[in-house]
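Written out below as structure tokens is the structure these notes cover.
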Amino acid sequence: MNWLEMILVALDGIWVNKLRSSLTVLGIIIGVASVILVLTLGRGGQSKIMNELESMGSNVFVVYVNQPEDGDYNKYKITSEECKIMRESIEGIKALTPMAYASPQVQSRRKKENCMIIGTESCYNQITNIPMVKGRFINQNDDAAARKVIVINQKMSDDLFGVGGDALGQVITVDQTPVMICGIFKNGSGMLEGAPRAMAYMPINTFLSMFPYSGVYELDGSAETKEQVEKVAQRVLKSLEIRHDAVGKKAYMVFNMEQELQSANNVMSIITMIISAIAGISLLVGGIGVMNIMLVSVTERTREIGIRMAIGAKRTDIMIQFLIEAVVLSLLGGVIGVMLGLGGGAIVCLLAKIPFTVSIGIVLLAFIFSSVVGIFFGMYPANRAAKLDPIEALRYE
Amino acid sequence: MIEIRDLGKTYNTGAITLEALKNVNLDIEAGEFVAIMGPSGSGKSTLMNIIGCLDRPSVGTYSLDGKDISSLDENELAVIRNQKIGFVFQTFNLLPRLNAMRNVELPMVYAGVDPVTRRQKASEALDRVGILDHAKHRPNELSGGQRQRVAVARALVNSPRLILADEPTGNLDSKSGAEVMALFDELHAQGSAIVLVTHDPEIGAHAERIIRFRDGEQVKNN
């Protein structure tokens with residue numbers, strides 16, 4: 001008996017009990033669809049987060065002053081000259097800039113508010129891409145001459161000059177010091193950033209002269225390549241430790257994006273795995289449904305089994321017949337489940353604005369898994385059918 | 001063709017041991033028409049199951065075409081049932097979901113015959129029992145007599161050397177019964193060996209030889 005014929009016989013058996021078969025298949029459908037849905041959303045979310053972190057630059061690192069054991073922050077303060085020396089001397093470095101933070105009051109003729117100001121250098125936009133709306137970012141002349149210029153974001157422009165107001169070239173005061181707006185950049189739009197806040201960049205030397213009590217406790221940098229980032233960051237760290245007599249004191253720490261990417265990735269994968277395992281339980285329940293219905297079917301068709309045996313079916317023929325029926329049932333559920341899962345995934349991805357991708361691996365896995373469920377849960381009923389005594393089976397009413 | 005020597009069959013149902021057949025000695029030649037008769041419980045159905053290779057003897061030997069059946073495994077028995085024996089049952093035992101044609105094809109499906117040949121041979125068999133025009137009907141659309149004809153077609157489609165019929169007219173009215181018996185006479189005339197179990201003397205009269213059973217034992221012919 002060839003395979004095609006056996007599959008046709010199985011389909012026939014399934015078709016005769018349409019309602020029963022579809023209810024049984026429903027169990028598998030729900031199981032497969034939920035696993036596919038979870039995995040698809042997990043992958044979409046993962047690639048969304050990856051993209052965002054990646055856009056921040058995966059060859060980016062940060063070296064910062066950690067809580068020093070002696071509590072003397074001043075001792076570990078970094079100067080922009082040091083930063084410059086390191087930038088020029090350390091191998092594999094692409095950009096390195098001091099970072100200093102302050103939250104002063106800023107004021108236009110119209111309004112005043114508090115905002116976040118970051119003092120940095122022109123090379124900062126080589127580390128992180130800063131999309132400009134108008135004007136320019138800080139340039140090297142600003143750095144060198146400590147010009148009183150500021151680059152603000154759209155939110156701050158809207159706050160100080162009204163939506164649609166022209167902020168470029170205007171002068172605002174930051175802690176009573178007038179500075180000129182030389183550029184406006186886009187608000188961050190990442191999932192990780194939340195609602196936009198007013199923020200601005202100023203040349204570091206200008207910043208330090210305006211906020212004498214502040215200082216540089218952080219260097220942001222990027223390496224030539226992603227592979228070098230760890231090494232380069234360590235070189236910067238070592239160099240700082242030697243300069244500030246901080247070897248072994250853990251005064252400086254390194255944070256690198258590559259590590260963050262890895263751990264974010266791992267966390268996402270674990271969450272996805274756990275949820276899909278829970279969804280997988282419904283597949284198991286579906287499998288038990290298949291087994292149940294196959295046992296009913298074997299009992300109902302005892303006489304048929306007897307007849308088939310009398311006219312020459314071997315026990316293996318009977319076994320394969322029922323096994324195929326179980327596998328066809330679960331595969332049918334698998335196919336419909338995959339389609340529903342992917343369809344549902346596409347819709348949810350669209351609504352949640354995360355990228356939708358179809359993984360052939362996941363689809364294949366769903367098919368393999370549902371046929372394994374069919375074989376596993378079909379084995380016992382099929383075996384029971386094959387073990388029937390033909391004489392008893394023929395007598396069965 | 002059939003050689004049965006000192007054959008016995010006992011059933012163990014817990015404490016009670018039931019002796020369904022004892023000390024049976026029987027020879028049936030190729031092409032012979034034999035009726036096995038006896039009241040219910042006489043062991044004739046048990047013998048039928050053994051001859052049909054659905055069951056094995058407890059003691060003694062049964063050989064079919066020179067082959068000792070008790071030495072064969074389950075799969076070999078299935079092949080013998082498929083190739084050498086055609087069954088006709090009292091209750092027809094057609095598969096209700098399949099039409100007449102596909103019921104007749106079934107033994108050839110297990111014999112591994114290709115679909116084209118199968119269809120052709122099934123048509124021939126249905127034609128032989130005079131029911132080809134009902135080939136597309138399912139069993140529940142056929143009368144008892146028609147169903148039994150389909151069953152006979154199924155029994156003879158693999159050209160077995162032996163046709164085993166267990167009360168083939170038991171569920172038929174006398175007219176259909178007579179038609180089915182005419183069919184057996186015709187098959188016999190064409191050279192098939194037929195072993196028929198019945199308790200109806202009128203049916204038994206179609207056979208060349210009658211073997212009687214009582215209480216699991218052969219009644220000696222006088």
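Here's how to read the names in the structure tokens: chain A, B, ... by the order shown, residue numbers from 1 in each chain, ligand numbers from 1 in the order shown.
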
For this session: Give the helix (DSSP H, G or I) residues of range 114-222 of chain B, as DSSP finds them on the backbone, and put them as a PyMOL selection string.
Result: chain B and resi 115-128+132-134+139-141+144-156+174-189+201-204

Counting only C-alpha atoms, what are the residues of chain B within 12 Å of chain A, and for each of them which pair of atoms is the nearest and at what distance in Å, to one decimal? Sort the table by chain and rising number, as JSON lines.
{"residue": "B:Ser45", "atom": "CA", "partner": "A:Ile391", "partner_atom": "CA", "distance": 10.3}
{"residue": "B:Thr46", "atom": "CA", "partner": "A:Ile391", "partner_atom": "CA", "distance": 9.6}
{"residue": "B:Met48", "atom": "CA", "partner": "A:Ile391", "partner_atom": "CA", "distance": 10.8}
{"residue": "B:Asn49", "atom": "CA", "partner": "A:Ile391", "partner_atom": "CA", "distance": 7.6}
{"residue": "B:Ile50", "atom": "CA", "partner": "A:Ile391", "partner_atom": "CA", "distance": 10.3}
{"residue": "B:Gly52", "atom": "CA", "partner": "A:Ala310", "partner_atom": "CA", "distance": 8.3}
{"residue": "B:Cys53", "atom": "CA", "partner": "A:Ala310", "partner_atom": "CA", "distance": 8.7}
{"residue": "B:Leu54", "atom": "CA", "partner": "A:Pro390", "partner_atom": "CA", "distance": 6.6}
{"residue": "B:Asp55", "atom": "CA", "partner": "A:Ile391", "partner_atom": "CA", "distance": 7.6}
{"residue": "B:Arg56", "atom": "CA", "partner": "A:Ile391", "partner_atom": "CA", "distance": 11.3}
{"residue": "B:Asp73", "atom": "CA", "partner": "A:Lys314", "partner_atom": "CA", "distance": 10.8}
{"residue": "B:Glu74", "atom": "CA", "partner": "A:Lys314", "partner_atom": "CA", "distance": 7.6}
{"residue": "B:Asn75", "atom": "CA", "partner": "A:Lys314", "partner_atom": "CA", "distance": 5.7}
{"residue": "B:Glu76", "atom": "CA", "partner": "A:Lys314", "partner_atom": "CA", "distance": 8.7}
{"residue": "B:Leu77", "atom": "CA", "partner": "A:Gly312", "partner_atom": "CA", "distance": 8.2}
{"residue": "B:Ala78", "atom": "CA", "partner": "A:Gly312", "partner_atom": "CA", "distance": 4.7}
{"residue": "B:Val79", "atom": "CA", "partner": "A:Gly312", "partner_atom": "CA", "distance": 5.9}
{"residue": "B:Ile80", "atom": "CA", "partner": "A:Gly312", "partner_atom": "CA", "distance": 7.5}
{"residue": "B:Arg81", "atom": "CA", "partner": "A:Gly312", "partner_atom": "CA", "distance": 5.2}
{"residue": "B:Asn82", "atom": "CA", "partner": "A:Gly312", "partner_atom": "CA", "distance": 4.0}
{"residue": "B:Gln83", "atom": "CA", "partner": "A:Gly312", "partner_atom": "CA", "distance": 7.8}
{"residue": "B:Lys84", "atom": "CA", "partner": "A:Gly312", "partner_atom": "CA", "distance": 9.9}
{"residue": "B:Ile85", "atom": "CA", "partner": "A:Ile311", "partner_atom": "CA", "distance": 8.1}
{"residue": "B:Gly86", "atom": "CA", "partner": "A:Ile311", "partner_atom": "CA", "distance": 7.2}
{"residue": "B:Phe87", "atom": "CA", "partner": "A:Ile311", "partner_atom": "CA", "distance": 7.2}
{"residue": "B:Val88", "atom": "CA", "partner": "A:Ile311", "partner_atom": "CA", "distance": 10.1}
{"residue": "B:Phe89", "atom": "CA", "partner": "A:Leu394", "partner_atom": "CA", "distance": 9.7}
{"residue": "B:Gln90", "atom": "CA", "partner": "A:Arg395", "partner_atom": "CA", "distance": 11.1}
{"residue": "B:Thr91", "atom": "CA", "partner": "A:Leu394", "partner_atom": "CA", "distance": 9.8}
{"residue": "B:Phe92", "atom": "CA", "partner": "A:Ile307", "partner_atom": "CA", "distance": 9.8}
{"residue": "B:Asn93", "atom": "CA", "partner": "A:Ile307", "partner_atom": "CA", "distance": 6.5}
{"residue": "B:Leu94", "atom": "CA", "partner": "A:Ile307", "partner_atom": "CA", "distance": 7.7}
{"residue": "B:Leu95", "atom": "CA", "partner": "A:Glu304", "partner_atom": "CA", "distance": 6.3}
{"residue": "B:Pro96", "atom": "CA", "partner": "A:Glu304", "partner_atom": "CA", "distance": 8.8}
{"residue": "B:Arg97", "atom": "CA", "partner": "A:Val16", "partner_atom": "CA", "distance": 8.2}
{"residue": "B:Leu98", "atom": "CA", "partner": "A:Asp12", "partner_atom": "CA", "distance": 9.6}
{"residue": "B:Arg102", "atom": "CA", "partner": "A:Val9", "partner_atom": "CA", "distance": 11.3}
{"residue": "B:Asn103", "atom": "CA", "partner": "A:Arg308", "partner_atom": "CA", "distance": 10.2}
{"residue": "B:Val104", "atom": "CA", "partner": "A:Ile311", "partner_atom": "CA", "distance": 10.4}
{"residue": "B:Glu105", "atom": "CA", "partner": "A:Ile311", "partner_atom": "CA", "distance": 10.7}
{"residue": "B:Leu106", "atom": "CA", "partner": "A:Ile311", "partner_atom": "CA", "distance": 7.8}
{"residue": "B:Pro107", "atom": "CA", "partner": "A:Ile311", "partner_atom": "CA", "distance": 5.6}
{"residue": "B:Met108", "atom": "CA", "partner": "A:Gly312", "partner_atom": "CA", "distance": 9.0}
{"residue": "B:Val109", "atom": "CA", "partner": "A:Met1", "partner_atom": "CA", "distance": 5.8}
{"residue": "B:Tyr110", "atom": "CA", "partner": "A:Met1", "partner_atom": "CA", "distance": 5.7}
{"residue": "B:Ala111", "atom": "CA", "partner": "A:Met1", "partner_atom": "CA", "distance": 7.5}
{"residue": "B:Gly112", "atom": "CA", "partner": "A:Met1", "partner_atom": "CA", "distance": 5.4}
{"residue": "B:Val113", "atom": "CA", "partner": "A:Met1", "partner_atom": "CA", "distance": 8.3}
{"residue": "B:Asp114", "atom": "CA", "partner": "A:Met1", "partner_atom": "CA", "distance": 9.1}
{"residue": "B:Pro115", "atom": "CA", "partner": "A:Glu5", "partner_atom": "CA", "distance": 9.6}
{"residue": "B:Ala151", "atom": "CA", "partner": "A:Ile311", "partner_atom": "CA", "distance": 11.0}
{"residue": "B:Arg154", "atom": "CA", "partner": "A:Ile311", "partner_atom": "CA", "distance": 8.8}
{"residue": "B:Ala155", "atom": "CA", "partner": "A:Ile311", "partner_atom": "CA", "distance": 8.1}
{"residue": "B:Leu156", "atom": "CA", "partner": "A:Ile311", "partner_atom": "CA", "distance": 10.9}
{"residue": "B:Val157", "atom": "CA", "partner": "A:Ile311", "partner_atom": "CA", "distance": 10.9}
{"residue": "B:Asn158", "atom": "CA", "partner": "A:Ile311", "partner_atom": "CA", "distance": 10.0}
{"residue": "B:Pro160", "atom": "CA", "partner": "A:Ile311", "partner_atom": "CA", "distance": 11.1}
{"residue": "B:Ile163", "atom": "CA", "partner": "A:Ile311", "partner_atom": "CA", "distance": 11.7}
{"residue": "B:Leu164", "atom": "CA", "partner": "A:Ala310", "partner_atom": "CA", "distance": 11.2}

Problem set entry | Spatial neighbours of range 12-19 of chain B, max dist 10 Å, only C-alpha atoms, sep filter under 5 positions, as a list of chain:residue names | B:Gly43, B:Ser58, B:Asp215, B:Gly216, B:Glu217

For the selection you just gave me, I'd like the residues written to a file as a PDB file, in the first residue's frame, keeping N, CA and C atoms.
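This went into selection09.pdb:
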ATOM      1  N   GLY B  43     -18.547 -26.006  17.050  1.00  0.00           N
ATOM      2  CA  GLY B  43     -17.123 -25.813  16.734  1.00  0.00           C
ATOM      3  C   GLY B  43     -16.870 -25.521  15.281  1.00  0.00           C
ATOM      4  N   SER B  58      -4.595 -25.352  18.741  1.00  0.00           N
ATOM      5  CA  SER B  58      -3.851 -25.560  19.983  1.00  0.00           C
ATOM      6  C   SER B  58      -2.968 -26.792  19.840  1.00  0.00           C
ATOM      7  N   ASP B 215     -20.494 -30.815  19.177  1.00  0.00           N
ATOM      8  CA  ASP B 215     -19.698 -30.670  20.407  1.00  0.00           C
ATOM      9  C   ASP B 215     -18.200 -30.707  20.119  1.00  0.00           C
ATOM     10  N   GLY B 216     -17.815 -30.041  19.067  1.00  0.00           N
ATOM     11  CA  GLY B 216     -16.395 -29.923  18.766  1.00  0.00           C
ATOM     12  C   GLY B 216     -15.791 -31.159  18.118  1.00  0.00           C
ATOM     13  N   GLU B 217     -16.628 -32.120  17.813  1.00  0.00           N
ATOM     14  CA  GLU B 217     -16.074 -33.328  17.193  1.00  0.00           C
ATOM     15  C   GLU B 217     -16.758 -33.597  15.881  1.00  0.00           C
TER      16      GLU B 217
END

Problem set entry | Residues near His188 in chain B, cut-off 10 Å, only C-alpha atoms, skip fewer than 3 positions along chain, as a VMD selection string | chain B and resid 31 to 33 163 182 to 185 191 to 194 207

Problem set entry | Shell of 8 Å around Gly42 in chain A, only C-alpha atoms, local chain residues under 2 positions omitted, as a list in words |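 The residues that qualify are Val38, Leu39, Thr40, Gly44, Gly45, Gln46, Met268, Ser269 and Thr272 of chain A.
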
Restrict the selected residues to N, CA, C and O atoms and save them as a CSV table (one decimal), in the first residue's frame.
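This is the output file again.csv:
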chain,number,residue,atom,x,y,z
A,38,VAL,N,3.9,34.0,19.7
A,38,VAL,CA,4.9,34.5,20.7
A,38,VAL,C,6.3,34.6,20.1
A,38,VAL,O,7.0,35.6,20.3
A,39,LEU,N,6.7,33.6,19.3
A,39,LEU,CA,8.0,33.6,18.8
A,39,LEU,C,8.2,34.8,17.8
A,39,LEU,O,9.2,35.4,17.7
A,40,THR,N,7.1,35.0,17.0
A,40,THR,CA,7.2,36.1,16.0
A,40,THR,C,7.3,37.4,16.7
A,40,THR,O,8.1,38.3,16.3
A,44,GLY,N,10.3,40.1,16.6
A,44,GLY,CA,10.1,41.4,16.2
A,44,GLY,C,10.6,42.4,17.2
A,44,GLY,O,11.3,43.4,16.9
A,45,GLY,N,10.2,42.2,18.5
A,45,GLY,CA,10.6,43.0,19.6
A,45,GLY,C,12.1,43.1,19.7
A,45,GLY,O,12.7,44.1,19.9
A,46,GLN,N,12.7,41.9,19.6
A,46,GLN,CA,14.1,41.8,19.7
A,46,GLN,C,14.8,42.6,18.7
A,46,GLN,O,15.7,43.4,19.0
A,268,MET,N,15.8,39.1,26.2
A,268,MET,CA,14.7,38.9,25.2
A,268,MET,C,14.5,37.4,24.9
A,268,MET,O,13.3,36.9,24.9
A,269,SER,N,15.6,36.8,24.6
A,269,SER,CA,15.5,35.4,24.2
A,269,SER,C,14.9,34.5,25.3
A,269,SER,O,14.0,33.7,25.1
A,272,THR,N,11.2,35.2,25.6
A,272,THR,CA,10.5,34.5,24.5
A,272,THR,C,10.4,33.0,24.7
A,272,THR,O,9.3,32.4,24.5

Exercise. Interatomic distance between CA of Leu23 in chain A and CA of Leu41 in chain A?
Worked result: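 Computed distance, CA of Leu23 in chain A to CA of Leu41 in chain A, equals 26.8 Å.
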
Which residues come within 9 Å of range 150-155 of chain A, counting only C-alpha atoms, excluding same-chain residues fewer than 2 positions away, as a PDB file with C-alpha atoms, in the first residue's frame?
ATOM      1  CA  ILE A 117      22.552  70.625  29.075  1.00  0.00           C
ATOM      2  CA  MET A 132      19.735  68.053  12.745  1.00  0.00           C
ATOM      3  CA  VAL A 133      16.539  69.878  11.841  1.00  0.00           C
ATOM      4  CA  GLY A 135      21.584  74.808  11.636  1.00  0.00           C
ATOM      5  CA  ARG A 136      24.617  72.777  12.688  1.00  0.00           C
ATOM      6  CA  PHE A 137      26.101  70.812  15.537  1.00  0.00           C
ATOM      7  CA  ILE A 138      29.034  72.114  17.603  1.00  0.00           C
ATOM      8  CA  LYS A 148      28.971  80.807  23.529  1.00  0.00           C
ATOM      9  CA  SER A 157      12.747  75.180  20.674  1.00  0.00           C
ATOM     10  CA  ASP A 158       8.983  74.607  20.864  1.00  0.00           C
ATOM     11  CA  ASP A 159       8.994  75.421  24.591  1.00  0.00           C
ATOM     12  CA  LEU A 160      11.033  78.598  24.338  1.00  0.00           C
ATOM     13  CA  VAL A 163       5.698  75.573  17.958  1.00  0.00           C
ATOM     14  CA  VAL A 179      24.338  82.090  24.334  1.00  0.00           C
ATOM     15  CA  MET A 180      23.364  81.825  20.675  1.00  0.00           C
ATOM     16  CA  ILE A 181      21.367  78.937  19.232  1.00  0.00           C
ATOM     17  CA  CYS A 182      23.398  77.540  16.339  1.00  0.00           C
ATOM     18  CA  GLY A 183      21.405  74.420  15.641  1.00  0.00           C
ATOM     19  CA  ILE A 184      18.227  72.508  16.382  1.00  0.00           C
ATOM     20  CA  PHE A 185      18.105  68.698  16.393  1.00  0.00           C
ATOM     21  CA  LYS A 186      15.310  66.166  16.325  1.00  0.00           C
ATOM     22  CA  ASN A 187      13.766  64.836  19.501  1.00  0.00           C
ATOM     23  CA  GLY A 188      14.707  61.235  20.184  1.00  0.00           C
ATOM     24  CA  PRO A 196      10.871  63.992  24.715  1.00  0.00           C
ATOM     25  CA  ARG A 197      12.432  66.387  27.214  1.00  0.00           C
ATOM     26  CA  ALA A 198      14.131  69.722  26.609  1.00  0.00           C
ATOM     27  CA  MET A 199      17.837  69.175  26.150  1.00  0.00           C
ATOM     28  CA  ALA A 200      20.836  70.881  24.583  1.00  0.00           C
ATOM     29  CA  TYR A 201      24.530  70.531  23.801  1.00  0.00           C
ATOM     30  CA  MET A 202      27.232  73.130  24.393  1.00  0.00           C
ATOM     31  CA  PRO A 203      30.971  73.140  23.700  1.00  0.00           C
TER      32      PRO A 203
END

For this session: Write out as a PyMOL selection string each polymer residue whose atoms come within 12 Å of range 72-88 of chain A, counting only C-alpha atoms; drop sequence neighbours fewer than 6 positions from it.
Result: chain A and resi 63-66+94-100+119-121+123+143-144+203-208+213-223+232-233+235-247+249-253

Problem set entry | Of the listed residues A:Thr173, A:Ser330, A:Gln259, A:Ser34, that which approaches Val290 in chain A most closely, counting only C-alpha atoms |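 Closest candidate: A:Ser330.
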